[in-house]
Amino acid sequence: MQLLKDRILAEGNVKDETLLNVDSFLNQQVDPTLMNEIGKEFATFFSDQGITKIVTIESSGISPALMTSLHMNVPMIILKKDPSKILNDNANETIVNSFTKQNSYTLSLLGNYITENDHVLIIDDFLADGEAVAGAARLIRKTHATIAGIGIVIEKSFQSGAKKLKELGFDVHSLVQIQSLADNIITFQ
Ligand code: G4P
């Protein structure tokens, strides 16, 4: 997606050879016009697949996922990290290990918003080692819903996530693929 590549080149900051900061339009400040275009792009790519729900992971997946759900005219469901149990005693849970953050957290699907009749599209902002998305897929499968595919805004192709998810049989569609962040240079695949 050229618009996204241009924005990454204009505003992205390479933090180190594995981390790209895009706080100005995706992770802290959010550009709704760009998110709208991202939503359109995912909706077009995954059209005619009978998708009934969009699932994302809080927090930065929400903006692109919401715009995708708007363009596909289906609801969006948010998977929560370590949610309060007070209101939710019927949570489906799985443990996710984050290499970037060097921690583990519980990812939860709350409520009965996904059923066996659903065909789900997972949307997330970054794909690194694919642990969060794999956790999301585990939770969705517990409901016996089917998974149509995975939409990623920024894939870091030098990490293992895309390969891992494709080997698991998922249709992974990334809007941009970053091949390298070495020497402070953003190189697209
Ligand atoms: P993985 O799921 O693909 O294995 O990713 P990992 O655990 O390594 O990533 C943990 C968090 O760091 C995720 O956000 C992910 O989106 C984010 N992340 C990974 N690589 C980058 C990067 O190069 N740049 C930026 N900006 N973020 C990156 P999170 O903890 O879920 O936070 P948030 O969604 O609340 O923002």
# chains A, B, ... in the order shown; residues from 1 in each chain; ligands from 1

$ residues_near_ligand --ligand "ligand 1" --cutoff "10 Å" --atoms "only C-alpha atoms and all ligand atoms" --output "NGL selection string"
:A and (12-23 or 26-28 or 56-62 or 80-81 or 96-105 or 124-136 or 153-156 or 159-162 or 178 or 181)

$ select_by_dssp --residues "chain A" --states "strand (DSSP E)" --output "VMD selection string"
chain A and resid 13 to 16 19 to 21 53 to 57 76 to 81 92 to 98 103 to 109 119 to 127 146 to 156 172 to 180 187 to 188

$ residues_around --residues "Gln189 in chain A" --least-positions-apart "3" --cutoff "9 Å" --atoms "only C-alpha atoms" --output "PyMOL selection string"
chain A and resi 157+176-180

$ residues_around --residues "Phe45 in chain A" --least-positions-apart "5" --cutoff "12 Å" --atoms "only C-alpha atoms" --output "list in words"
Met1, Ile38, Gly39, Lys40, Ile51, Thr68, His71, Met72, Leu121, Ala148, Gly149, Ile150, Gly151, Ile152, Asp171, Val172, His173, Ser174 and Leu175 of chain A

$ atom_distance --atom1 "CA of Leu109 in chain A" --atom2 "CA of Thr52 in chain A"
16.6 Å

$ select_by_dssp --residues "range 39-173 of chain A" --states "helix (DSSP H, G or I)" --output "count of residues only"
37

$ residues_around --residues "Leu139 in chain A" --least-positions-apart "6" --cutoff "7 Å" --atoms "only C-alpha atoms" --output "PyMOL selection string"
chain A and resi 92-94+109

$ atom_distance --atom1 "CA of Leu107 in chain A" --atom2 "CA of Ala43 in chain A"
25.4 Å

$ residues_around --residues "range 116-118 of chain A" --least-positions-apart "3" --cutoff "7 Å" --atoms "only C-alpha atoms" --output "PyMOL selection string"
chain A and resi 52-53+143-146

$ write_last_selection --atoms "N, CA, C and O atoms" --output "PDB file, in the first residue's frame"
ATOM      1  N   THR A  52     -18.044 -12.521   8.714  1.00  0.00           N
ATOM      2  CA  THR A  52     -19.159 -12.050   9.542  1.00  0.00           C
ATOM      3  C   THR A  52     -18.695 -11.225  10.743  1.00  0.00           C
ATOM      4  O   THR A  52     -19.497 -10.494  11.328  1.00  0.00           O
ATOM      5  N   LYS A  53     -17.416 -11.344  11.144  1.00  0.00           N
ATOM      6  CA  LYS A  53     -16.904 -10.587  12.297  1.00  0.00           C
ATOM      7  C   LYS A  53     -15.431 -10.251  12.063  1.00  0.00           C
ATOM      8  O   LYS A  53     -14.707 -11.012  11.429  1.00  0.00           O
ATOM      9  N   THR A 143     -14.402 -21.226  19.918  1.00  0.00           N
ATOM     10  CA  THR A 143     -15.833 -20.971  19.702  1.00  0.00           C
ATOM     11  C   THR A 143     -16.379 -21.799  18.523  1.00  0.00           C
ATOM     12  O   THR A 143     -17.568 -21.736  18.235  1.00  0.00           O
ATOM     13  N   HIS A 144     -15.467 -22.493  17.825  1.00  0.00           N
ATOM     14  CA  HIS A 144     -15.794 -23.289  16.621  1.00  0.00           C
ATOM     15  C   HIS A 144     -16.129 -22.408  15.411  1.00  0.00           C
ATOM     16  O   HIS A 144     -16.653 -22.914  14.416  1.00  0.00           O
ATOM     17  N   ALA A 145     -15.833 -21.113  15.521  1.00  0.00           N
ATOM     18  CA  ALA A 145     -15.943 -20.250  14.334  1.00  0.00           C
ATOM     19  C   ALA A 145     -14.784 -20.596  13.397  1.00  0.00           C
ATOM     20  O   ALA A 145     -13.798 -21.211  13.823  1.00  0.00           O
ATOM     21  N   THR A 146     -14.891 -20.197  12.134  1.00  0.00           N
ATOM     22  CA  THR A 146     -13.792 -20.406  11.195  1.00  0.00           C
ATOM     23  C   THR A 146     -13.042 -19.086  10.980  1.00  0.00           C
ATOM     24  O   THR A 146     -13.593 -18.006  11.205  1.00  0.00           O
TER      25      THR A 146
END

$ residues_around --residues "Ser63 in chain A" --least-positions-apart "5" --cutoff "8 Å" --atoms "only C-alpha atoms" --output "PyMOL selection string"
chain A and resi 26+30+32+35

$ atom_distance --atom1 "CA of Thr187 in chain A" --atom2 "CA of Asp6 in chain A"
12.0 Å

$ closest_residue --among "A:Ile186, A:Gly111, A:Asn36, A:Pro83" --to "Leu70 in chain A" --atoms "only C-alpha atoms"
A:Asn36

$ decode --residues "range 52-74 of chain A" --atoms "N, CA, C and O atoms" --output "PDB file, in the first residue's frame"
ATOM      1  N   THR A  52     -18.044 -12.521   8.714  1.00  0.00           N
ATOM      2  CA  THR A  52     -19.159 -12.050   9.542  1.00  0.00           C
ATOM      3  C   THR A  52     -18.695 -11.225  10.743  1.00  0.00           C
ATOM      4  O   THR A  52     -19.497 -10.494  11.328  1.00  0.00           O
ATOM      5  N   LYS A  53     -17.416 -11.344  11.144  1.00  0.00           N
ATOM      6  CA  LYS A  53     -16.904 -10.587  12.297  1.00  0.00           C
ATOM      7  C   LYS A  53     -15.431 -10.251  12.063  1.00  0.00           C
ATOM      8  O   LYS A  53     -14.707 -11.012  11.429  1.00  0.00           O
ATOM      9  N   ILE A  54     -15.036  -9.085  12.612  1.00  0.00           N
ATOM     10  CA  ILE A  54     -13.623  -8.707  12.655  1.00  0.00           C
ATOM     11  C   ILE A  54     -13.182  -8.850  14.103  1.00  0.00           C
ATOM     12  O   ILE A  54     -13.875  -8.400  15.021  1.00  0.00           O
ATOM     13  N   VAL A  55     -12.016  -9.462  14.309  1.00  0.00           N
ATOM     14  CA  VAL A  55     -11.470  -9.589  15.667  1.00  0.00           C
ATOM     15  C   VAL A  55     -10.126  -8.891  15.711  1.00  0.00           C
ATOM     16  O   VAL A  55      -9.305  -9.035  14.791  1.00  0.00           O
ATOM     17  N   THR A  56      -9.901  -8.129  16.786  1.00  0.00           N
ATOM     18  CA  THR A  56      -8.605  -7.472  16.956  1.00  0.00           C
ATOM     19  C   THR A  56      -8.145  -7.589  18.399  1.00  0.00           C
ATOM     20  O   THR A  56      -8.874  -8.092  19.254  1.00  0.00           O
ATOM     21  N   ILE A  57      -6.913  -7.129  18.627  1.00  0.00           N
ATOM     22  CA  ILE A  57      -6.309  -7.215  19.958  1.00  0.00           C
ATOM     23  C   ILE A  57      -6.069  -5.799  20.447  1.00  0.00           C
ATOM     24  O   ILE A  57      -5.505  -4.981  19.700  1.00  0.00           O
ATOM     25  N   GLU A  58      -6.481  -5.524  21.688  1.00  0.00           N
ATOM     26  CA  GLU A  58      -6.278  -4.162  22.176  1.00  0.00           C
ATOM     27  C   GLU A  58      -4.770  -3.878  22.292  1.00  0.00           C
ATOM     28  O   GLU A  58      -3.994  -4.794  22.513  1.00  0.00           O
ATOM     29  N   SER A  59      -4.300  -2.656  22.192  1.00  0.00           N
ATOM     30  CA  SER A  59      -5.099  -1.499  21.876  1.00  0.00           C
ATOM     31  C   SER A  59      -4.890  -1.002  20.429  1.00  0.00           C
ATOM     32  O   SER A  59      -5.823  -0.505  19.798  1.00  0.00           O
ATOM     33  N   SER A  60      -3.690  -1.170  19.894  1.00  0.00           N
ATOM     34  CA  SER A  60      -3.411  -0.505  18.606  1.00  0.00           C
ATOM     35  C   SER A  60      -4.054  -1.184  17.406  1.00  0.00           C
ATOM     36  O   SER A  60      -4.097  -0.602  16.322  1.00  0.00           O
ATOM     37  N   GLY A  61      -4.577  -2.401  17.580  1.00  0.00           N
ATOM     38  CA  GLY A  61      -5.292  -3.044  16.472  1.00  0.00           C
ATOM     39  C   GLY A  61      -6.667  -2.443  16.254  1.00  0.00           C
ATOM     40  O   GLY A  61      -7.271  -2.607  15.187  1.00  0.00           O
ATOM     41  N   ILE A  62      -7.158  -1.729  17.270  1.00  0.00           N
ATOM     42  CA  ILE A  62      -8.567  -1.298  17.227  1.00  0.00           C
ATOM     43  C   ILE A  62      -8.832  -0.314  16.073  1.00  0.00           C
ATOM     44  O   ILE A  62      -9.839  -0.452  15.372  1.00  0.00           O
ATOM     45  N   SER A  63      -7.938   0.645  15.864  1.00  0.00           N
ATOM     46  CA  SER A  63      -8.225   1.664  14.828  1.00  0.00           C
ATOM     47  C   SER A  63      -8.347   1.044  13.429  1.00  0.00           C
ATOM     48  O   SER A  63      -9.357   1.274  12.748  1.00  0.00           O
ATOM     49  N   PRO A  64      -7.352   0.268  12.967  1.00  0.00           N
ATOM     50  CA  PRO A  64      -7.532  -0.323  11.632  1.00  0.00           C
ATOM     51  C   PRO A  64      -8.672  -1.334  11.591  1.00  0.00           C
ATOM     52  O   PRO A  64      -9.373  -1.437  10.571  1.00  0.00           O
ATOM     53  N   ALA A  65      -8.887  -2.051  12.688  1.00  0.00           N
ATOM     54  CA  ALA A  65      -9.956  -3.069  12.691  1.00  0.00           C
ATOM     55  C   ALA A  65     -11.332  -2.412  12.617  1.00  0.00           C
ATOM     56  O   ALA A  65     -12.229  -2.891  11.910  1.00  0.00           O
ATOM     57  N   LEU A  66     -11.492  -1.314  13.327  1.00  0.00           N
ATOM     58  CA  LEU A  66     -12.798  -0.647  13.325  1.00  0.00           C
ATOM     59  C   LEU A  66     -13.134  -0.133  11.926  1.00  0.00           C
ATOM     60  O   LEU A  66     -14.274  -0.284  11.454  1.00  0.00           O
ATOM     61  N   MET A  67     -12.140   0.451  11.260  1.00  0.00           N
ATOM     62  CA  MET A  67     -12.386   0.956   9.907  1.00  0.00           C
ATOM     63  C   MET A  67     -12.672  -0.187   8.939  1.00  0.00           C
ATOM     64  O   MET A  67     -13.496  -0.046   8.028  1.00  0.00           O
ATOM     65  N   THR A  68     -12.027  -1.317   9.142  1.00  0.00           N
ATOM     66  CA  THR A  68     -12.302  -2.483   8.296  1.00  0.00           C
ATOM     67  C   THR A  68     -13.725  -2.965   8.531  1.00  0.00           C
ATOM     68  O   THR A  68     -14.466  -3.265   7.584  1.00  0.00           O
ATOM     69  N   SER A  69     -14.127  -3.009   9.791  1.00  0.00           N
ATOM     70  CA  SER A  69     -15.486  -3.491  10.109  1.00  0.00           C
ATOM     71  C   SER A  69     -16.533  -2.538   9.536  1.00  0.00           C
ATOM     72  O   SER A  69     -17.575  -2.972   9.045  1.00  0.00           O
ATOM     73  N   LEU A  70     -16.203  -1.247   9.529  1.00  0.00           N
ATOM     74  CA  LEU A  70     -17.133  -0.270   8.940  1.00  0.00           C
ATOM     75  C   LEU A  70     -17.309  -0.537   7.437  1.00  0.00           C
ATOM     76  O   LEU A  70     -18.438  -0.578   6.937  1.00  0.00           O
ATOM     77  N   HIS A  71     -16.184  -0.747   6.749  1.00  0.00           N
ATOM     78  CA  HIS A  71     -16.259  -0.967   5.295  1.00  0.00           C
ATOM     79  C   HIS A  71     -16.837  -2.329   4.936  1.00  0.00           C
ATOM     80  O   HIS A  71     -17.371  -2.504   3.846  1.00  0.00           O
ATOM     81  N   MET A  72     -16.736  -3.294   5.853  1.00  0.00           N
ATOM     82  CA  MET A  72     -17.312  -4.619   5.572  1.00  0.00           C
ATOM     83  C   MET A  72     -18.723  -4.750   6.145  1.00  0.00           C
ATOM     84  O   MET A  72     -19.389  -5.761   5.931  1.00  0.00           O
ATOM     85  N   ASN A  73     -19.100  -3.742   6.915  1.00  0.00           N
ATOM     86  CA  ASN A  73     -20.421  -3.720   7.523  1.00  0.00           C
ATOM     87  C   ASN A  73     -20.679  -4.942   8.409  1.00  0.00           C
ATOM     88  O   ASN A  73     -21.721  -5.592   8.319  1.00  0.00           O
ATOM     89  N   VAL A  74     -19.670  -5.253   9.239  1.00  0.00           N
ATOM     90  CA  VAL A  74     -19.804  -6.346  10.216  1.00  0.00           C
ATOM     91  C   VAL A  74     -19.263  -5.847  11.563  1.00  0.00           C
ATOM     92  O   VAL A  74     -18.487  -4.890  11.592  1.00  0.00           O
TER      93      VAL A  74
END
